[in-house]
file protein-v4.cif (mmCIF, C-alpha atoms)
data_model
loop_
_atom_site.label_atom_id
_atom_site.label_comp_id
_atom_site.auth_asym_id
_atom_site.auth_seq_id
_atom_site.Cartn_x
_atom_site.Cartn_y
_atom_site.Cartn_z
CA MET O 70 51.82 -76.32 -49.28
CA ASN O 71 48.99 -75.43 -51.64
CA PRO O 72 46.18 -77.95 -51.04
CA ASP O 73 44.86 -77.43 -54.58
CA ARG O 74 48.07 -78.75 -56.24
CA PRO O 75 48.95 -82.47 -56.58
CA GLN O 76 51.52 -83.56 -53.99
CA LEU O 77 54.06 -84.58 -56.66
CA ILE O 78 54.01 -81.07 -58.18
CA GLU O 79 54.63 -79.54 -54.77
CA PHE O 80 57.62 -81.83 -54.20
CA ILE O 81 59.14 -80.85 -57.55
CA ARG O 82 58.65 -77.12 -56.89
CA THR O 83 60.25 -77.46 -53.44
CA ASP O 84 63.27 -79.29 -54.89
CA VAL O 85 63.76 -76.60 -57.54
CA ARG O 86 63.60 -73.80 -54.95
CA GLN O 87 66.10 -75.56 -52.68
CA PHE O 88 68.51 -76.19 -55.57
CA THR O 89 68.29 -72.54 -56.65
CA ASP O 90 68.92 -71.31 -53.09
CA ARG O 91 72.03 -73.49 -52.77
CA ALA O 92 73.38 -72.31 -56.15
CA ILE O 93 72.88 -68.64 -55.19
CA LYS O 94 74.65 -69.09 -51.84
CA ALA O 95 77.59 -70.80 -53.57
CA GLY O 96 77.84 -68.01 -56.14
CA LYS O 97 77.24 -70.46 -58.99
CA PHE O 98 73.72 -69.55 -60.05
CA GLY O 99 73.48 -69.39 -63.86
CA GLN O 100 76.89 -71.01 -64.46
CA VAL O 101 77.31 -74.00 -66.79
CA PRO O 102 78.31 -77.06 -64.71
CA GLU O 103 81.71 -78.11 -66.11
CA GLY O 104 81.56 -81.50 -64.41
CA GLY O 105 79.10 -82.81 -67.00
CA LYS O 106 80.99 -81.86 -70.15
CA ASN O 107 82.37 -85.34 -70.90
CA LEU O 108 79.21 -87.43 -70.77
CA PHE O 109 77.82 -86.29 -74.15
CA THR O 110 79.48 -85.58 -77.49
CA LEU O 111 77.76 -82.44 -78.78
CA HIS O 112 77.57 -81.24 -82.40
CA SER O 113 74.94 -79.63 -84.56
CA ALA O 114 72.85 -82.00 -86.65
CA ASN O 115 74.63 -80.77 -89.80
CA GLN O 116 78.04 -81.44 -88.23
CA TRP O 117 76.96 -84.99 -87.44
CA MET O 118 75.90 -85.45 -91.07
CA GLU O 119 79.29 -84.18 -92.23
CA LEU O 120 81.20 -86.40 -89.82
CA GLU O 121 79.34 -89.53 -90.92
CA LYS O 122 79.01 -88.93 -94.66
CA ASN O 123 82.08 -91.03 -95.52
CA THR O 124 81.35 -93.81 -93.04
CA PRO O 125 80.62 -97.03 -94.95
CA PRO O 126 77.33 -98.80 -94.19
CA PRO O 127 77.58 -101.61 -91.63
CA HIS O 128 78.30 -105.07 -92.96
CA ILE O 129 75.74 -107.83 -92.78
CA LEU O 130 76.53 -110.55 -90.24
CA PHE O 131 73.39 -112.68 -90.40
CA GLY O 132 71.38 -111.37 -93.29
CA GLU O 133 69.27 -108.31 -92.48
CA LEU O 134 68.63 -109.75 -89.01
CA TRP O 135 71.99 -108.67 -87.54
CA TYR O 136 74.52 -106.09 -88.73
CA ARG O 137 78.09 -105.54 -87.64
CA GLY O 138 78.40 -103.32 -84.58
CA GLU O 139 74.87 -104.05 -83.38
CA LEU O 140 73.63 -105.43 -80.08
CA CYS O 141 71.09 -107.98 -81.26
CA ILE O 142 68.68 -110.13 -79.25
CA LEU O 143 67.56 -113.62 -80.26
CA PHE O 144 64.62 -114.80 -78.16
CA ALA O 145 62.39 -117.86 -78.09
CA ASP O 146 60.63 -120.34 -75.84
CA THR O 147 62.62 -123.15 -74.22
CA ASN O 148 63.58 -126.16 -76.37
CA THR O 149 63.17 -124.35 -79.68
CA GLY O 150 66.85 -124.44 -80.67
CA LYS O 151 68.25 -121.05 -79.59
CA SER O 152 71.61 -122.52 -78.59
CA VAL O 153 71.85 -124.66 -81.73
CA LEU O 154 71.27 -121.62 -83.93
CA ALA O 155 73.64 -119.39 -81.94
CA VAL O 156 76.51 -121.89 -82.19
CA GLN O 157 75.85 -122.26 -85.91
CA ILE O 158 75.89 -118.47 -86.41
CA GLY O 159 79.09 -118.07 -84.38
CA ASN O 160 80.91 -120.86 -86.19
CA SER O 161 79.79 -119.51 -89.59
CA LEU O 162 81.15 -116.05 -88.77
CA ALA O 163 84.48 -117.45 -87.53
CA ALA O 164 84.79 -119.57 -90.68
CA ARG O 165 83.53 -116.77 -92.97
CA GLU O 166 80.83 -119.08 -94.33
CA GLN O 167 77.31 -117.96 -95.21
CA MET O 168 74.32 -119.65 -93.64
CA PRO O 169 71.55 -119.90 -96.25
CA PRO O 170 69.42 -117.97 -96.95
CA PHE O 171 71.28 -115.18 -95.12
CA GLY O 172 74.26 -113.33 -96.53
CA CYS O 173 77.41 -112.29 -94.63
CA GLU O 174 79.50 -109.32 -95.78
CA ALA O 175 81.78 -108.96 -92.76
CA ASN O 176 85.37 -110.11 -92.78
CA LYS O 177 86.34 -113.27 -90.95
CA CYS O 178 86.52 -112.56 -87.22
CA ASP O 179 87.04 -114.44 -83.98
CA VAL O 180 83.92 -115.24 -81.98
CA VAL O 181 83.60 -115.93 -78.25
CA TYR O 182 80.51 -117.85 -77.14
CA ILE O 183 79.61 -117.57 -73.44
CA ASP O 184 77.72 -120.76 -72.60
CA PHE O 185 75.53 -120.69 -69.48
CA GLU O 186 73.33 -123.54 -70.74
CA LEU O 187 75.37 -126.68 -71.49
CA SER O 188 78.12 -128.51 -69.63
CA ALA O 189 81.26 -129.49 -71.52
CA ALA O 190 80.00 -133.10 -71.71
CA GLN O 191 76.63 -132.01 -73.11
CA PHE O 192 78.28 -129.75 -75.68
CA HIS O 193 80.61 -132.58 -76.71
CA ALA O 194 77.71 -135.04 -77.11
CA ARG O 195 75.72 -132.58 -79.19
CA TYR O 196 78.51 -132.33 -81.79
CA THR O 197 79.71 -135.95 -81.87
CA HIS O 198 78.63 -138.92 -83.97
CA ASN O 199 80.10 -142.42 -83.60
CA ASP O 200 82.99 -140.98 -81.56
CA VAL O 201 83.85 -138.53 -84.36
CA THR O 202 83.66 -134.90 -83.19
CA TYR O 203 82.83 -131.91 -85.34
CA THR O 204 85.75 -129.62 -86.21
CA PHE O 205 84.78 -126.02 -85.47
CA ALA O 206 86.36 -122.97 -87.06
CA LYS O 207 89.71 -122.07 -85.51
CA GLY O 208 88.51 -118.66 -84.35
CA PHE O 209 85.40 -119.95 -82.55
CA TYR O 210 85.89 -119.90 -78.76
CA ARG O 211 83.56 -121.24 -76.09
CA ALA O 212 83.62 -120.07 -72.46
CA GLU O 213 81.80 -122.06 -69.80
CA PHE O 214 80.51 -120.49 -66.59
CA ASN O 215 82.16 -121.65 -63.35
CA PRO O 216 79.45 -121.67 -60.63
CA ALA O 217 82.06 -122.43 -57.93
CA ALA O 218 83.98 -119.20 -58.53
CA ALA O 219 84.01 -116.99 -55.42
CA LEU O 220 83.59 -113.22 -55.57
CA PRO O 221 87.10 -111.67 -55.43
CA PRO O 222 87.63 -108.96 -52.79
CA ASP O 223 88.29 -106.37 -55.51
CA TYR O 224 84.64 -106.45 -56.59
CA LYS O 225 81.70 -105.23 -54.57
CA THR O 226 79.05 -107.13 -56.49
CA PHE O 227 78.74 -110.17 -58.73
CA ASP O 228 77.56 -107.87 -61.52
CA GLU O 229 80.89 -106.03 -61.49
CA TYR O 230 82.75 -109.34 -61.49
CA MET O 231 80.71 -110.59 -64.43
CA LYS O 232 81.43 -107.48 -66.49
CA ALA O 233 85.16 -107.81 -65.78
CA ALA O 234 85.09 -111.50 -66.72
CA LEU O 235 83.38 -110.72 -70.03
CA GLU O 236 85.96 -108.04 -70.75
CA TYR O 237 88.76 -110.49 -69.94
CA VAL O 238 87.64 -113.09 -72.50
CA ILE O 239 87.15 -110.38 -75.14
CA VAL O 240 90.70 -109.09 -74.65
CA LYS O 241 92.24 -112.56 -74.35
CA THR O 242 90.67 -113.87 -77.58
CA GLY O 243 90.66 -110.61 -79.53
CA ALA O 244 87.13 -111.50 -80.59
CA GLY O 245 85.04 -109.13 -82.65
CA VAL O 246 81.80 -110.99 -81.92
CA LEU O 247 80.37 -111.82 -78.49
CA ILE O 248 77.50 -114.31 -78.10
CA ILE O 249 75.87 -114.76 -74.68
CA ASP O 250 73.70 -117.81 -74.04
CA ASN O 251 71.62 -116.70 -72.25
CA ILE O 252 71.09 -113.20 -70.89
CA THR O 253 68.87 -114.19 -67.95
CA CYS O 254 71.80 -116.01 -66.32
CA LEU O 255 73.89 -112.86 -66.09
CA ARG O 256 71.81 -111.06 -63.50
CA GLY O 257 69.30 -113.53 -62.16
CA GLY O 258 66.36 -112.44 -64.30
CA THR O 259 65.60 -109.54 -66.63
CA GLY O 260 61.91 -109.07 -66.02
CA HIS O 261 62.31 -105.80 -64.12
CA ALA O 262 63.77 -102.50 -65.30
CA GLY O 263 66.16 -102.38 -62.36
CA GLN O 264 67.76 -105.62 -63.55
CA ALA O 265 67.61 -105.08 -67.30
CA LEU O 266 68.91 -101.51 -67.39
CA PRO O 267 72.41 -102.03 -65.90
CA LEU O 268 72.83 -105.27 -67.82
CA MET O 269 72.15 -103.71 -71.21
CA ARG O 270 74.16 -100.61 -70.31
CA ASP O 271 77.21 -102.77 -69.54
CA LEU O 272 76.86 -104.69 -72.80
CA LYS O 273 76.50 -101.44 -74.72
CA ALA O 274 79.65 -100.09 -73.06
CA LEU O 275 81.65 -103.22 -73.94
CA LYS O 276 80.32 -103.09 -77.49
CA THR O 277 81.46 -99.51 -77.93
CA LYS O 278 84.82 -99.92 -76.16
CA TYR O 279 85.90 -102.95 -78.21
CA GLN O 280 83.87 -102.31 -81.39
CA LEU O 281 82.01 -105.56 -80.86
CA SER O 282 78.99 -107.13 -82.47
CA VAL O 283 76.92 -108.69 -79.70
CA LEU O 284 74.22 -111.37 -79.87
CA VAL O 285 72.36 -112.18 -76.66
CA LEU O 286 69.90 -115.02 -76.25
CA ALA O 287 66.82 -114.64 -74.07
CA HIS O 288 63.68 -116.55 -73.11
CA THR O 289 60.06 -115.75 -73.73
CA PRO O 290 57.68 -116.19 -70.81
CA LYS O 291 54.57 -118.33 -71.26
CA ARG O 292 52.82 -117.05 -74.40
CA ASN O 293 49.72 -117.86 -76.42
CA PRO O 294 50.88 -120.06 -79.35
CA ALA O 295 47.86 -118.96 -81.38
CA LEU O 296 49.15 -115.37 -81.57
CA PRO O 297 52.00 -114.00 -83.75
CA ILE O 298 55.35 -113.34 -82.08
CA THR O 299 55.96 -109.70 -81.17
CA ARG O 300 58.65 -107.79 -79.29
CA ASN O 301 56.37 -107.86 -76.25
CA ASP O 302 56.97 -111.61 -75.97
CA LEU O 303 60.56 -111.05 -74.84
CA GLU O 304 61.05 -111.50 -71.11
CA GLY O 305 61.72 -108.03 -69.65
CA SER O 306 60.78 -106.76 -73.10
CA LYS O 307 60.57 -103.02 -72.62
CA MET O 308 64.07 -102.32 -71.31
CA LEU O 309 65.81 -105.02 -73.32
CA MET O 310 64.19 -103.92 -76.57
CA ASN O 311 64.97 -100.26 -75.93
CA PHE O 312 68.69 -101.02 -75.69
CA ALA O 313 68.83 -103.52 -78.57
CA ASP O 314 69.68 -102.39 -82.07
CA SER O 315 67.92 -105.37 -83.60
CA ALA O 316 66.01 -108.48 -82.55
CA PHE O 317 64.62 -111.64 -84.06
CA ALA O 318 62.79 -114.66 -82.67
CA ILE O 319 62.43 -118.40 -83.21
CA GLY O 320 58.88 -119.67 -83.49
CA GLN O 321 57.69 -123.26 -83.31
CA SER O 322 55.51 -124.30 -86.21
CA HIS O 323 52.20 -126.02 -85.41
CA LEU O 324 51.72 -126.88 -89.07
CA GLU O 325 54.41 -129.55 -89.09
CA SER O 326 56.27 -131.21 -86.23
CA GLY O 327 59.93 -130.24 -85.92
CA LEU O 328 59.60 -127.13 -88.07
CA ARG O 329 60.89 -123.76 -86.80
CA TYR O 330 60.70 -120.26 -88.22
CA LEU O 331 62.74 -117.07 -87.75
CA LYS O 332 60.92 -113.75 -87.56
CA GLN O 333 62.43 -110.27 -87.61
CA VAL O 334 60.90 -108.14 -84.86
CA LYS O 335 63.14 -105.05 -84.62
CA GLN O 336 65.69 -103.26 -86.80
CA ARG O 337 67.31 -99.85 -86.66
CA TYR O 338 69.21 -100.29 -89.92
CA GLY O 339 68.05 -101.81 -93.16
CA GLN O 340 64.66 -103.26 -93.99
CA CYS O 341 62.27 -105.63 -92.28
CA LEU O 342 62.44 -108.44 -94.82
CA TYR O 343 61.41 -111.31 -92.59
CA GLY O 344 58.24 -110.11 -90.90
CA ALA O 345 54.92 -111.87 -90.40
CA LYS O 346 54.24 -112.37 -94.12
CA ASN O 347 57.72 -113.76 -94.92
CA VAL O 348 59.17 -115.79 -92.06
CA CYS O 349 62.14 -118.11 -92.73
CA LEU O 350 61.39 -121.80 -92.25
CA PHE O 351 64.03 -124.16 -90.83
CA ARG O 352 64.30 -127.71 -89.63
CA ILE O 353 66.79 -128.76 -86.95
CA VAL O 354 68.79 -131.68 -88.32
CA LYS O 355 71.94 -133.53 -87.35
CA ARG O 356 74.15 -134.29 -90.32
CA LEU O 357 76.56 -136.80 -88.79
CA ASN O 358 78.22 -134.72 -86.04
CA TRP O 359 76.89 -131.29 -87.05
CA LEU O 360 73.62 -130.20 -85.42
CA LYS O 361 72.17 -127.27 -87.34
CA PHE O 362 69.23 -125.27 -88.65
CA GLU O 363 68.57 -126.24 -92.28
CA PHE O 364 66.69 -123.77 -94.48
CA GLN O 365 63.31 -124.96 -95.85
CA GLY O 366 61.86 -121.85 -97.48
CA PHE O 367 59.62 -118.87 -96.68
CA ASP O 368 56.01 -118.72 -95.52
CA ASP O 369 53.32 -116.68 -93.79
CA GLU O 370 53.62 -116.90 -89.98
CA ARG O 371 49.86 -117.14 -89.59
CA LEU O 372 49.86 -120.60 -91.19
CA HIS O 373 52.22 -121.93 -88.52
CA LEU O 374 50.36 -120.68 -85.46
CA TYR O 375 48.33 -122.98 -83.25
CA GLN O 376 44.75 -123.39 -84.40
CA PRO O 377 42.19 -124.52 -81.80
CA PRO O 378 40.36 -127.65 -83.00
CA PRO O 379 37.12 -126.82 -84.85
CA THR O 380 33.86 -127.48 -83.04
CA GLY O 381 31.49 -129.56 -85.13
CA LYS O 382 31.31 -130.86 -88.68
CA ARG O 383 30.19 -127.57 -90.21
CA SER O 384 33.16 -125.69 -88.70
CA THR O 385 35.62 -128.23 -90.11
CA GLU O 386 34.16 -127.98 -93.60
CA THR O 387 34.15 -124.20 -93.44
CA ARG O 388 37.79 -124.04 -92.40
CA ILE O 389 38.85 -126.47 -95.13
CA LEU O 390 37.11 -124.41 -97.78
CA GLU O 391 38.55 -121.16 -96.40
CA LEU O 392 42.11 -122.49 -96.32
CA SER O 393 41.76 -123.95 -99.80
CA ALA O 394 40.57 -120.57 -101.09
CA GLU O 395 43.69 -119.03 -99.57
CA GLY O 396 45.85 -121.32 -101.71
CA LEU O 397 46.93 -123.98 -99.23
CA SER O 398 47.53 -127.47 -100.57
CA GLN O 399 45.40 -130.34 -99.31
CA ARG O 400 48.39 -131.73 -97.39
CA LYS O 401 48.98 -128.43 -95.60
CA ILE O 402 45.28 -128.08 -94.78
CA ALA O 403 45.25 -131.57 -93.26
CA ALA O 404 48.32 -130.81 -91.13
CA HIS O 405 46.98 -127.40 -90.16
CA LEU O 406 43.63 -128.80 -88.92
CA ASN O 407 45.08 -132.10 -87.66
CA ILE O 408 42.75 -134.20 -89.79
CA SER O 409 43.33 -136.85 -92.48
CA LEU O 410 44.25 -135.98 -96.05
CA GLY O 411 41.35 -138.14 -97.25
CA LYS O 412 38.86 -136.08 -95.29
CA VAL O 413 40.17 -132.85 -96.83
CA ASN O 414 39.97 -134.37 -100.30
CA ALA O 415 36.40 -135.61 -99.76
CA ILE O 416 35.11 -132.22 -98.55
CA LEU O 417 36.80 -130.31 -101.37
CA ASN O 418 35.45 -132.75 -103.97
CA LYS O 419 31.97 -132.41 -102.47
CA GLY O 420 32.25 -128.64 -102.71
CA GLU O 421 33.15 -128.91 -106.39
CA GLY O 422 30.25 -131.25 -107.16
#

call {"tool": "encode", "arguments": {"input": "protein-v4.cif", "output": "structure tokens"}}
result
Amino acid sequence: MNPDRPQLIEFIRTDVRQFTDRAIKAGKFGQVPEGGKNLFTLHSANQWMELEKNTPPPHILFGELWYRGELCILFADTNTGKSVLAVQIGNSLAAREQMPPFGCEANKCDVVYIDFELSAAQFHARYTHNDVTYTFAKGFYRAEFNPAAALPPDYKTFDEYMKAALEYVIVKTGAGVLIIDNITCLRGGTGHAGQALPLMRDLKALKTKYQLSVLVLAHTPKRNPALPITRNDLEGSKMLMNFADSAFAIGQSHLESGLRYLKQVKQRYGQCLYGAKNVCLFRIVKRLNWLKFEFQGFDDERLHLYQPPPTGKRSTETRILELSAEGLSQRKIAAHLNISLGKVNAILNKGEG
């Protein structure tokens, strides 16, 4: 071994020499290995362009946030309404109803919702008012995880069993949309590449095999609420984001209690319409027996991030004047700085005097 070369380089060179020696002895040196011919579909770039030129663009499922045929990730902190939104999206697709402000171009399709979060009793209570239950779309199916199920002898690992179980419900329902709530329950955590990679590969395979559109819900680890949401806030972000076609997040507004916003953080098709300067504002409301996200408008994400309390009188006045110059109303400034409306009014009037 050459002492001047890094050890890793020496290992690679040794492996190459050993592989070449084996190939020469077997009389196969220089031959194309036929065993690998089925893993990739190979064409020239121009052939690919010709093959796809008559393929229609994918239909919108949930505005520009999620297109048909995509594996999309919805992520957020706990208790921000991920499950509420996912059920609403699934029911809207099964009923072929649009959810404002987002359009839906896809045909009506059956949806299967894999629920790892709520028990049947909790789900029932969420969509009941005065003993009157909500009537979901006929093609909206819910599957609840059975923690008492034993691993059958036909499967070596729980991961294999889980993939087979997902495939079973897809075939049984004939669903074109699969929603998983949430992804961390499938393999006991997605923070490491070794856990995230096989999980996303299996979902990709199911998506391709059955021409599915897949929405998976995921958590964010502890994050700084004063900073904008990015793709790095997703738990196990690197691997999960690499496999996802699109992703969006739910943020919790610190401008007004109970307010949420949706932010687009990744897209491979279409435009980024709902980025930091144009997030979609929602409020979670229960209209009788229907718990849902209700659209409130659009806004700049920065205005809804946590603002540390100002230190001292001068800092408060400065921030009020700055926010007023940016076009915020007095009411929004008061909520943003957690001070009274009268105080905002007095400082602004003093500044005008």

call {"tool": "closest_residue", "arguments": {"input": "protein-v4.cif", "among": "O:Glu370, O:Ile298, O:Asn358, O:Leu140", "to": "Met269 of chain O", "atoms": "only C-alpha atoms"}}
result
O:Leu140

call {"tool": "residues_around", "arguments": {"input": "protein-v4.cif", "residues": "Asp250 of chain O", "least_positions_apart": "3", "cutoff": "7 Å", "atoms": "all atoms listed in the file", "output": "PDB file with C-alpha atoms, keeping the file's coordinate frame"}}
result
ATOM      1  CA  SER O 152      71.610-122.520 -78.590  1.00  0.00           C
ATOM      2  CA  ILE O 183      79.610-117.570 -73.440  1.00  0.00           C
ATOM      3  CA  ASP O 184      77.720-120.760 -72.600  1.00  0.00           C
ATOM      4  CA  PHE O 185      75.530-120.690 -69.480  1.00  0.00           C
ATOM      5  CA  GLU O 186      73.330-123.540 -70.740  1.00  0.00           C
ATOM      6  CA  VAL O 285      72.360-112.180 -76.660  1.00  0.00           C
ATOM      7  CA  LEU O 286      69.900-115.020 -76.250  1.00  0.00           C
TER       8      LEU O 286
END

call {"tool": "residues_around", "arguments": {"input": "protein-v4.cif", "residues": "Thr277 of chain O", "least_positions_apart": "5", "cutoff": "10 Å", "atoms": "only C-alpha atoms", "output": "PDB file with C-alpha atoms, in the coordinates of the input"}}
result
ATOM      1  CA  GLY O 138      78.400-103.320 -84.580  1.00  0.00           C
ATOM      2  CA  GLU O 139      74.870-104.050 -83.380  1.00  0.00           C
ATOM      3  CA  ASP O 271      77.210-102.770 -69.540  1.00  0.00           C
ATOM      4  CA  LEU O 272      76.860-104.690 -72.800  1.00  0.00           C
ATOM      5  CA  SER O 282      78.990-107.130 -82.470  1.00  0.00           C
TER       6      SER O 282
END

call {"tool": "resolve_selection", "arguments": {"input": "protein-v4.cif", "expression": "the PyMOL selection byres ((chain O and resi 135) around 9)", "output": "list in words"}}
result
Ile129, Leu130, Phe131, Gly132, Glu133, Leu134, Tyr136, Arg137, Gly138, Glu139, Leu140, Cys141, Ser282, Leu284, Asp314, Ser315, Ala316, Phe317 and Gln336 of chain O

call {"tool": "closest_residue", "arguments": {"input": "protein-v4.cif", "among": "O:Gln157, O:Thr149, O:Ser409, O:Gln399", "to": "Leu328 of chain O", "atoms": "all atoms listed in the file"}}
result
O:Thr149

call {"tool": "axis_aligned_box", "arguments": {"input": "protein-v4.cif", "around": "segment 332-340 of chain O", "padding_each_side": "5 Å", "output": "JSON"}}
result
{"center_x": 65.1, "center_y": -106.8, "center_z": -89.3, "size_x": 18.3, "size_y": 23.9, "size_z": 19.4}

call {"tool": "residues_around", "arguments": {"input": "protein-v4.cif", "residues": "Gly243 of chain O", "least_positions_apart": "5", "cutoff": "10 Å", "atoms": "only C-alpha atoms", "output": "short mmCIF file (atom, residue, chain, number, x, y, z; two decimals) with C-alpha atoms, keeping the file's coordinate frame"}}
result
data_model
loop_
_atom_site.label_atom_id
_atom_site.label_comp_id
_atom_site.auth_asym_id
_atom_site.auth_seq_id
_atom_site.Cartn_x
_atom_site.Cartn_y
_atom_site.Cartn_z
CA CYS O 178 86.52 -112.56 -87.22
CA ASP O 179 87.04 -114.44 -83.98
CA VAL O 180 83.92 -115.24 -81.98
CA VAL O 181 83.60 -115.93 -78.25
CA GLY O 208 88.51 -118.66 -84.35
CA TYR O 237 88.76 -110.49 -69.94
CA VAL O 238 87.64 -113.09 -72.50
CA TYR O 279 85.90 -102.95 -78.21
#
